[in-house]
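Shown below: work-v3.pdb, with PDB, C-alpha atoms, pLDDT in the B column.
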ATOM      1  CA  MET N  29     257.659  61.876 119.953  1.00 57.00           C
ATOM      2  CA  LYS N  30     258.221  59.784 116.819  1.00 62.00           C
ATOM      3  CA  ASN N  31     261.209  58.008 118.379  1.00 76.00           C
ATOM      4  CA  LEU N  32     259.652  57.625 121.834  1.00 78.00           C
ATOM      5  CA  PRO N  33     258.678  53.925 121.403  1.00 76.00           C
ATOM      6  CA  VAL N  34     262.205  53.136 120.163  1.00 78.00           C
ATOM      7  CA  ARG N  35     263.752  54.924 123.126  1.00 83.00           C
ATOM      8  CA  MET N  36     261.462  53.127 125.544  1.00 80.00           C
ATOM      9  CA  ALA N  37     262.343  49.787 123.962  1.00 78.00           C
ATOM     10  CA  ARG N  38     266.075  50.527 124.186  1.00 83.00           C
ATOM     11  CA  TRP N  39     265.787  51.641 127.801  1.00 82.00           C
ATOM     12  CA  SER N  40     263.746  48.522 128.695  1.00 77.00           C
ATOM     13  CA  ALA N  41     266.330  46.307 127.001  1.00 79.00           C
ATOM     14  CA  ALA N  42     269.153  48.010 128.874  1.00 83.00           C
ATOM     15  CA  HIS N  43     267.308  47.927 132.208  1.00 81.00           C
ATOM     16  CA  PRO N  44     265.109  44.776 132.079  1.00 80.00           C
ATOM     17  CA  TRP N  45     264.218  44.570 135.761  1.00 82.00           C
ATOM     18  CA  ARG N  46     263.395  48.267 136.013  1.00 82.00           C
ATOM     19  CA  GLY N  47     261.305  47.933 132.869  1.00 80.00           C
ATOM     20  CA  ILE N  48     259.381  44.944 134.225  1.00 79.00           C
ATOM     21  CA  VAL N  49     258.710  46.632 137.576  1.00 83.00           C
ATOM     22  CA  GLY N  50     257.792  49.891 135.862  1.00 83.00           C
ATOM     23  CA  TRP N  51     255.256  48.261 133.556  1.00 80.00           C
ATOM     24  CA  LEU N  52     253.753  46.276 136.441  1.00 81.00           C
ATOM     25  CA  VAL N  53     253.354  49.476 138.459  1.00 86.00           C
ATOM     26  CA  PHE N  54     251.812  51.187 135.417  1.00 86.00           C
ATOM     27  CA  VAL N  55     249.286  48.363 134.958  1.00 81.00           C
ATOM     28  CA  VAL N  56     248.388  48.386 138.680  1.00 84.00           C
ATOM     29  CA  LEU N  57     247.875  52.156 138.580  1.00 88.00           C
ATOM     30  CA  CYS N  58     245.635  51.846 135.502  1.00 85.00           C
ATOM     31  CA  LEU N  59     243.571  49.146 137.222  1.00 82.00           C
ATOM     32  CA  GLY N  60     243.284  51.232 140.379  1.00 84.00           C
ATOM     33  CA  ILE N  61     242.141  54.300 138.440  1.00 88.00           C
ATOM     34  CA  GLY N  62     239.658  52.211 136.467  1.00 83.00           C
ATOM     35  CA  ILE N  63     238.179  50.675 139.614  1.00 83.00           C
ATOM     36  CA  THR N  64     237.954  54.091 141.276  1.00 84.00           C
ATOM     37  CA  VAL N  65     236.216  55.700 138.302  1.00 81.00           C
ATOM     38  CA  GLY N  66     233.827  52.751 137.939  1.00 77.00           C
ATOM     39  CA  THR N  67     231.787  51.687 134.933  1.00 77.00           C
ATOM     40  CA  HIS N  68     228.747  53.078 133.165  1.00 75.00           C
ATOM     41  CA  PRO N  69     226.717  50.158 131.763  1.00 71.00           C
ATOM     42  CA  ALA N  70     224.471  50.753 128.785  1.00 69.00           C
ATOM     43  CA  THR N  71     220.823  51.553 129.449  1.00 69.00           C
ATOM     44  CA  SER N  72     217.759  50.960 127.305  1.00 67.00           C
ATOM     45  CA  GLU N  73     217.965  54.560 126.071  1.00 70.00           C
ATOM     46  CA  ASP N  74     221.469  53.968 124.691  1.00 71.00           C
ATOM     47  CA  TYR N  75     220.100  51.440 122.183  1.00 70.00           C
ATOM     48  CA  ARG N  76     217.547  53.827 120.708  1.00 75.00           C
ATOM     49  CA  VAL N  77     219.324  54.568 117.438  1.00 78.00           C
ATOM     50  CA  GLY N  78     217.806  55.769 114.160  1.00 82.00           C
ATOM     51  CA  GLU N  79     214.119  55.746 113.266  1.00 84.00           C
ATOM     52  CA  ALA N  80     213.500  52.529 115.200  1.00 79.00           C
ATOM     53  CA  GLY N  81     215.041  54.116 118.277  1.00 77.00           C
ATOM     54  CA  ARG N  82     212.910  57.235 117.821  1.00 81.00           C
ATOM     55  CA  GLY N  83     209.780  55.061 117.595  1.00 80.00           C
ATOM     56  CA  GLU N  84     210.794  53.201 120.752  1.00 74.00           C
ATOM     57  CA  ALA N  85     211.351  56.505 122.568  1.00 77.00           C
ATOM     58  CA  ILE N  86     207.858  57.679 121.547  1.00 80.00           C
ATOM     59  CA  ALA N  87     206.385  54.388 122.764  1.00 73.00           C
ATOM     60  CA  ALA N  88     208.236  54.724 126.065  1.00 72.00           C
ATOM     61  CA  GLU N  89     206.934  58.264 126.571  1.00 75.00           C
ATOM     62  CA  GLY N  90     203.426  56.923 126.037  1.00 73.00           C
ATOM     63  CA  GLY N  91     203.920  54.049 128.476  1.00 68.00           C
ATOM     64  CA  LEU N  92     203.945  51.434 125.697  1.00 66.00           C
ATOM     65  CA  GLN N  93     207.554  50.241 125.976  1.00 71.00           C
ATOM     66  CA  GLN N  94     208.395  46.580 126.325  1.00 77.00           C
ATOM     67  CA  ARG N  95     208.666  45.423 129.913  1.00 83.00           C
ATOM     68  CA  PRO N  96     210.498  42.477 131.471  1.00 90.00           C
ATOM     69  CA  VAL N  97     208.053  39.579 131.715  1.00 93.00           C
ATOM     70  CA  GLU N  98     208.380  36.186 133.406  1.00 94.00           C
ATOM     71  CA  HIS N  99     206.080  33.174 132.973  1.00 96.00           C
ATOM     72  CA  VAL N 100     205.563  30.503 135.629  1.00 95.00           C
ATOM     73  CA  LEU N 101     204.300  27.255 134.106  1.00 96.00           C
ATOM     74  CA  ILE N 102     202.697  24.563 136.242  1.00 95.00           C
ATOM     75  CA  THR N 103     202.378  21.068 134.768  1.00 95.00           C
ATOM     76  CA  ALA N 104     202.258  17.452 135.917  1.00 93.00           C
ATOM     77  CA  LYS N 105     205.584  15.768 136.475  1.00 90.00           C
ATOM     78  CA  PRO N 106     206.563  13.389 133.654  1.00 86.00           C
ATOM     79  CA  GLY N 107     205.216   9.902 134.251  1.00 83.00           C
ATOM     80  CA  THR N 108     202.618  10.971 136.837  1.00 81.00           C
ATOM     81  CA  GLY N 109     199.594  11.026 134.539  1.00 83.00           C
ATOM     82  CA  LYS N 110     197.129  13.898 134.114  1.00 89.00           C
ATOM     83  CA  LEU N 111     197.535  17.228 135.825  1.00 92.00           C
ATOM     84  CA  ASP N 112     195.744  17.578 139.148  1.00 91.00           C
ATOM     85  CA  THR N 113     193.908  20.802 138.316  1.00 91.00           C
ATOM     86  CA  GLU N 114     192.936  21.471 141.926  1.00 93.00           C
ATOM     87  CA  ALA N 115     196.543  21.209 143.089  1.00 93.00           C
ATOM     88  CA  ALA N 116     197.702  23.263 140.087  1.00 94.00           C
ATOM     89  CA  ASP N 117     195.160  26.016 140.840  1.00 94.00           C
ATOM     90  CA  SER N 118     196.326  26.096 144.452  1.00 95.00           C
ATOM     91  CA  ALA N 119     199.972  26.358 143.388  1.00 95.00           C
ATOM     92  CA  ALA N 120     199.117  29.067 140.858  1.00 95.00           C
ATOM     93  CA  ALA N 121     197.279  31.083 143.509  1.00 95.00           C
ATOM     94  CA  ASP N 122     200.251  30.668 145.831  1.00 95.00           C
ATOM     95  CA  ILE N 123     202.774  31.818 143.232  1.00 95.00           C
ATOM     96  CA  ALA N 124     200.584  34.777 142.238  1.00 95.00           C
ATOM     97  CA  ALA N 125     200.269  35.909 145.860  1.00 95.00           C
ATOM     98  CA  ARG N 126     203.992  35.526 146.479  1.00 95.00           C
ATOM     99  CA  MET N 127     204.951  37.445 143.340  1.00 95.00           C
ATOM    100  CA  ALA N 128     202.500  40.259 144.029  1.00 95.00           C
ATOM    101  CA  ARG N 129     204.221  40.958 147.364  1.00 95.00           C
ATOM    102  CA  LEU N 130     207.639  41.444 145.795  1.00 95.00           C
ATOM    103  CA  PRO N 131     208.799  45.075 145.337  1.00 95.00           C
ATOM    104  CA  GLU N 132     210.362  44.136 141.974  1.00 93.00           C
ATOM    105  CA  VAL N 133     206.980  43.125 140.512  1.00 94.00           C
ATOM    106  CA  ARG N 134     204.773  45.569 138.629  1.00 93.00           C
ATOM    107  CA  SER N 135     201.763  43.282 138.085  1.00 93.00           C
ATOM    108  CA  VAL N 136     200.657  39.655 138.161  1.00 95.00           C
ATOM    109  CA  ALA N 137     198.125  38.348 135.642  1.00 94.00           C
ATOM    110  CA  ALA N 138     195.388  35.901 136.585  1.00 94.00           C
ATOM    111  CA  PRO N 139     196.325  32.223 136.088  1.00 94.00           C
ATOM    112  CA  VAL N 140     195.472  30.853 132.648  1.00 94.00           C
ATOM    113  CA  HIS N 141     194.698  27.207 131.828  1.00 94.00           C
ATOM    114  CA  SER N 142     195.750  25.618 128.549  1.00 92.00           C
ATOM    115  CA  LYS N 143     192.917  24.375 126.315  1.00 92.00           C
ATOM    116  CA  ASP N 144     193.659  20.739 127.081  1.00 91.00           C
ATOM    117  CA  ARG N 145     193.901  21.463 130.827  1.00 90.00           C
ATOM    118  CA  THR N 146     197.450  20.107 131.042  1.00 93.00           C
ATOM    119  CA  ALA N 147     199.130  23.326 132.182  1.00 94.00           C
ATOM    120  CA  VAL N 148     198.539  26.531 134.130  1.00 95.00           C
ATOM    121  CA  ARG N 149     200.464  29.714 133.416  1.00 96.00           C
ATOM    122  CA  VAL N 150     201.010  32.752 135.626  1.00 95.00           C
ATOM    123  CA  THR N 151     202.476  35.832 133.890  1.00 95.00           C
ATOM    124  CA  VAL N 152     204.483  38.280 135.995  1.00 95.00           C
ATOM    125  CA  THR N 153     205.588  41.728 134.800  1.00 94.00           C
ATOM    126  CA  LEU N 154     208.578  43.342 136.493  1.00 93.00           C
ATOM    127  CA  LYS N 155     209.160  47.019 137.111  1.00 90.00           C
ATOM    128  CA  GLY N 156     211.652  49.005 135.065  1.00 82.00           C
ATOM    129  CA  PRO N 157     212.892  48.648 131.488  1.00 78.00           C
ATOM    130  CA  GLU N 158     213.291  45.273 129.814  1.00 78.00           C
ATOM    131  CA  LEU N 159     217.086  45.515 129.776  1.00 76.00           C
ATOM    132  CA  ASP N 160     217.227  45.690 133.594  1.00 79.00           C
ATOM    133  CA  GLY N 161     214.943  42.706 134.179  1.00 85.00           C
ATOM    134  CA  LYS N 162     217.703  40.151 134.768  1.00 86.00           C
ATOM    135  CA  LYS N 163     219.127  42.304 137.567  1.00 87.00           C
ATOM    136  CA  HIS N 164     215.926  41.899 139.606  1.00 89.00           C
ATOM    137  CA  VAL N 165     214.743  38.390 138.700  1.00 92.00           C
ATOM    138  CA  ASP N 166     216.433  36.489 141.557  1.00 93.00           C
ATOM    139  CA  PRO N 167     213.634  37.084 144.112  1.00 94.00           C
ATOM    140  CA  LEU N 168     211.089  35.778 141.585  1.00 94.00           C
ATOM    141  CA  LEU N 169     213.113  32.647 140.940  1.00 95.00           C
ATOM    142  CA  ALA N 170     213.387  32.103 144.689  1.00 95.00           C
ATOM    143  CA  GLN N 171     209.591  32.241 145.103  1.00 95.00           C
ATOM    144  CA  THR N 172     209.089  29.842 142.211  1.00 95.00           C
ATOM    145  CA  ALA N 173     211.557  27.422 143.806  1.00 95.00           C
ATOM    146  CA  ALA N 174     209.693  27.702 147.131  1.00 95.00           C
ATOM    147  CA  VAL N 175     206.363  26.835 145.477  1.00 95.00           C
ATOM    148  CA  GLN N 176     208.027  23.878 143.746  1.00 95.00           C
ATOM    149  CA  ARG N 177     209.278  22.592 147.108  1.00 95.00           C
ATOM    150  CA  ASN N 178     205.775  22.921 148.565  1.00 95.00           C
ATOM    151  CA  ASN N 179     204.259  21.032 145.619  1.00 94.00           C
ATOM    152  CA  PRO N 180     206.546  18.059 144.878  1.00 93.00           C
ATOM    153  CA  ALA N 181     203.824  16.311 142.860  1.00 91.00           C
ATOM    154  CA  LEU N 182     203.823  19.169 140.312  1.00 94.00           C
ATOM    155  CA  ARG N 183     206.452  20.693 138.043  1.00 95.00           C
ATOM    156  CA  VAL N 184     206.698  24.449 138.625  1.00 95.00           C
ATOM    157  CA  GLU N 185     209.110  26.231 136.283  1.00 95.00           C
ATOM    158  CA  GLU N 186     209.832  29.863 135.467  1.00 94.00           C
ATOM    159  CA  THR N 187     211.062  31.333 132.190  1.00 93.00           C
ATOM    160  CA  GLY N 188     211.191  34.680 130.436  1.00 92.00           C
ATOM    161  CA  SER N 189     213.691  37.133 128.993  1.00 89.00           C
ATOM    162  CA  PRO N 190     215.081  38.190 132.422  1.00 91.00           C
ATOM    163  CA  SER N 191     215.713  34.655 133.705  1.00 91.00           C
ATOM    164  CA  ILE N 192     217.023  33.487 130.313  1.00 90.00           C
ATOM    165  CA  GLY N 193     219.397  36.472 130.175  1.00 87.00           C
ATOM    166  CA  LYS N 194     220.636  35.714 133.680  1.00 87.00           C
ATOM    167  CA  GLY N 195     221.114  32.046 132.804  1.00 87.00           C
ATOM    168  CA  VAL N 196     223.094  32.912 129.670  1.00 87.00           C
ATOM    169  CA  ASP N 197     225.349  35.242 131.690  1.00 85.00           C
ATOM    170  CA  LYS N 198     226.009  32.453 134.194  1.00 85.00           C
ATOM    171  CA  LEU N 199     226.860  29.988 131.412  1.00 86.00           C
ATOM    172  CA  ARG N 200     229.257  32.499 129.875  1.00 86.00           C
ATOM    173  CA  GLY N 201     230.943  33.033 133.238  1.00 84.00           C
ATOM    174  CA  ASP N 202     231.283  29.291 133.824  1.00 83.00           C
ATOM    175  CA  ASP N 203     232.663  28.758 130.313  1.00 82.00           C
ATOM    176  CA  LEU N 204     235.173  31.572 130.816  1.00 81.00           C
ATOM    177  CA  SER N 205     236.317  30.070 134.120  1.00 81.00           C
ATOM    178  CA  ARG N 206     236.828  26.656 132.520  1.00 82.00           C
ATOM    179  CA  THR N 207     238.700  28.255 129.624  1.00 80.00           C
ATOM    180  CA  GLU N 208     241.024  30.076 132.026  1.00 79.00           C
ATOM    181  CA  VAL N 209     241.770  26.855 133.910  1.00 79.00           C
ATOM    182  CA  ILE N 210     242.819  25.199 130.646  1.00 83.00           C
ATOM    183  CA  ALA N 211     244.378  28.183 128.858  1.00 81.00           C
ATOM    184  CA  LEU N 212     246.664  29.455 131.636  1.00 81.00           C
ATOM    185  CA  PRO N 213     248.738  26.258 132.041  1.00 83.00           C
ATOM    186  CA  VAL N 214     248.936  25.783 128.249  1.00 85.00           C
ATOM    187  CA  THR N 215     250.039  29.409 127.808  1.00 83.00           C
ATOM    188  CA  LEU N 216     252.635  29.091 130.572  1.00 83.00           C
ATOM    189  CA  VAL N 217     254.131  25.935 129.044  1.00 85.00           C
ATOM    190  CA  THR N 218     254.192  27.557 125.589  1.00 86.00           C
ATOM    191  CA  LEU N 219     255.953  30.680 126.904  1.00 83.00           C
ATOM    192  CA  LEU N 220     258.475  28.544 128.779  1.00 84.00           C
ATOM    193  CA  LEU N 221     259.289  26.666 125.578  1.00 85.00           C
ATOM    194  CA  VAL N 222     259.581  29.891 123.562  1.00 82.00           C
ATOM    195  CA  PHE N 223     261.576  32.026 126.031  1.00 79.00           C
ATOM    196  CA  SER N 224     263.299  29.288 128.085  1.00 80.00           C
ATOM    197  CA  SER N 225     262.932  31.619 131.068  1.00 77.00           C
ATOM    198  CA  VAL N 226     260.519  31.457 133.994  1.00 78.00           C
ATOM    199  CA  VAL N 227     260.573  35.243 134.435  1.00 74.00           C
ATOM    200  CA  MET N 228     259.875  35.978 130.771  1.00 75.00           C
ATOM    201  CA  ALA N 229     257.051  33.422 130.826  1.00 77.00           C
ATOM    202  CA  LEU N 230     255.427  34.719 134.003  1.00 79.00           C
ATOM    203  CA  VAL N 231     255.506  38.455 133.193  1.00 76.00           C
ATOM    204  CA  PRO N 232     253.027  38.279 130.250  1.00 76.00           C
ATOM    205  CA  LEU N 233     250.697  36.075 132.317  1.00 77.00           C
ATOM    206  CA  LEU N 234     250.817  38.459 135.285  1.00 76.00           C
ATOM    207  CA  LEU N 235     250.118  41.439 133.019  1.00 74.00           C
ATOM    208  CA  ALA N 236     247.198  39.557 131.422  1.00 74.00           C
ATOM    209  CA  LEU N 237     245.725  38.635 134.815  1.00 71.00           C
TER
END
Using C-alpha cells, write down the structure from this file.
Amino acid sequence: MKNLPVRMARWSAAHPWRGIVGWLVFVVLCLGIGITVGTHPATSEDYRVGEAGRGEAIAAEGGLQQRPVEHVLITAKPGTGKLDTEAADSAAADIAARMARLPEVRSVAAPVHSKDRTAVRVTVTLKGPELDGKKHVDPLLAQTAAVQRNNPALRVEETGSPSIGKGVDKLRGDDLSRTEVIALPVTLVTLLLVFSSVVMALVPLLLAL
C-alpha cells in the first residue's frame, strides 16, 4: 500500500491516455454518486453547541426561539415632499392583508408610524426557524413589489434577515460567475504556456469543472 501512489504514477506515465480517461471516468462516477446521495444542509439545531446552544435549545422548547422577521417600510419618495399619511396607511393595510394570506407567514403586526410621521412600518414574522427564512422569503418580496407598483408615489421597501441573506447569496453567486469568466481563460493560457500542450492544459480544467 505504501508504494501504491508510486505505482499509479508510473502506470499513468507509461499509459497517459488510459490514465487520463481513467481519471475522468473516476471523477464522473464520484459526481454521479454524490448527486445520487444528495446533500444534508445544516439546520438550526446543528449550530446549538456548548452552553449557548443548550440555552437556545431550552428557549426553542419553550417557544422563545428567534424567528425570521421581515420589515416593510413605507416612506415618501425622495424629492416628493412630506409623506402622504393617508396613502401610506392604505398601502400598509394592503401589504398587511397580502402578507397575512401567505402560507409562509406566521403573523403580521399592526402598522406602526414613526414619531415624526415620515414612515410607516409593517413587521412580518415567517414560519419556521430563523435559518430557513431566506428559503421562503420570495413570496413576501413579490407582494411588496406588487404594492410598490400600485403606489408609485410612495417608496415601499422590504428588509430583514431572510431577504438580506438571500441578497448576499445572490451577490456571492454573481461574483463567482464573474470570477469564473475571468479565471478560466487566464488559467487556460497559463497552462498552455507551462505545458505547451493543449491536452495537458485542458485536462486540469475539465477535472476542475
Which residue gives the smallest distance to Thr151 in chain N among N:Ala121, N:Leu199, N:Leu234, N:Val100, with only C-alpha atoms counted? N:Val100
Of the candidates N:Met228, N:Ala181, N:Val222, N:Val175, which one gets nearest to Pro106 in chain N if we count all atoms listed in the file? N:Ala181
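Taken over the whole file, the PyMOL selection byres ((chain N and resi 52) around 12) covers exactly Trp45, Arg46, Gly47, Ile48, Val49, Gly50, Trp51, Val53, Phe54, Val55, Val56, Leu57, Cys58, Leu59, Leu230, Val231, Pro232, Leu233, Leu234, Leu235, Ala236 and Leu237 of chain N.
Considering the residues N:Ser191, N:Asn31, N:Ser135, N:Thr146 and counting all atoms listed in the file, Thr108 in chain N has its shortest atom-to-atom contact with N:Thr146.
The two atoms in question, CA of Arg149 in chain N and CA of Ser189 in chain N, are spaced 15.8 Å apart.
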Taking all atoms of range 109-125 of chain N that the file lists, what box with edges along x, y and z, padded by 3 Å per side, do you get, with centre and edge lengths in Å to one decimal, as lines of an AutoDock Vina configuration file?
center_x = 197.9
center_y = 23.5
center_z = 140.0
size_x = 15.8
size_y = 30.9
size_z = 17.7
I need the residue set behind the PyMOL selection byres ((chain N and resi 98) around 7) for this file; please write it as number ranges by chain. N: 96-97, 99-100, 151-153, 186-189
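In this structure, CA of Arg134 in chain N sits 9.5 Å away from CA of Arg95 in chain N.
In terms of minimum interatomic distance to Ser118 in chain N, N:Leu182 ranks closest within N:Lys155, N:Leu182, N:Asp144, N:Gln93, counting all atoms listed in the file.
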Let me make sure I understand: among N:Ala37, N:Ala115, N:Leu154, N:Ile63, which one has the smallest atom-to-atom distance to Ile102 in chain N if we use all atoms listed in the file? N:Ala115
For Lys163 in chain N, please output as JSON, numbers by chain all residues within 12 Å (counting all atoms listed in the file; exclusion window: fewer than 3 positions along the same chain). {"N": [96, 132, 154, 155, 156, 157, 158, 159, 160, 166, 167, 168, 169, 189, 190, 191, 192, 193, 194, 195, 197]}
Using all atoms listed in the file for the distances, tell me which of N:Met127, N:Val65, N:Leu101, N:Val165 is nearest to Val140 in chain N. N:Leu101
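Straight-line separation from CA of Ala87 in chain N to CA of Pro69 in chain N: 22.6 Å.
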Selection under test: the PyMOL selection byres ((chain N and resi 147) around 12); residues as a PyMOL selection string: chain N and resi 100-105+110-117+119-120+139-146+148-150+182-185
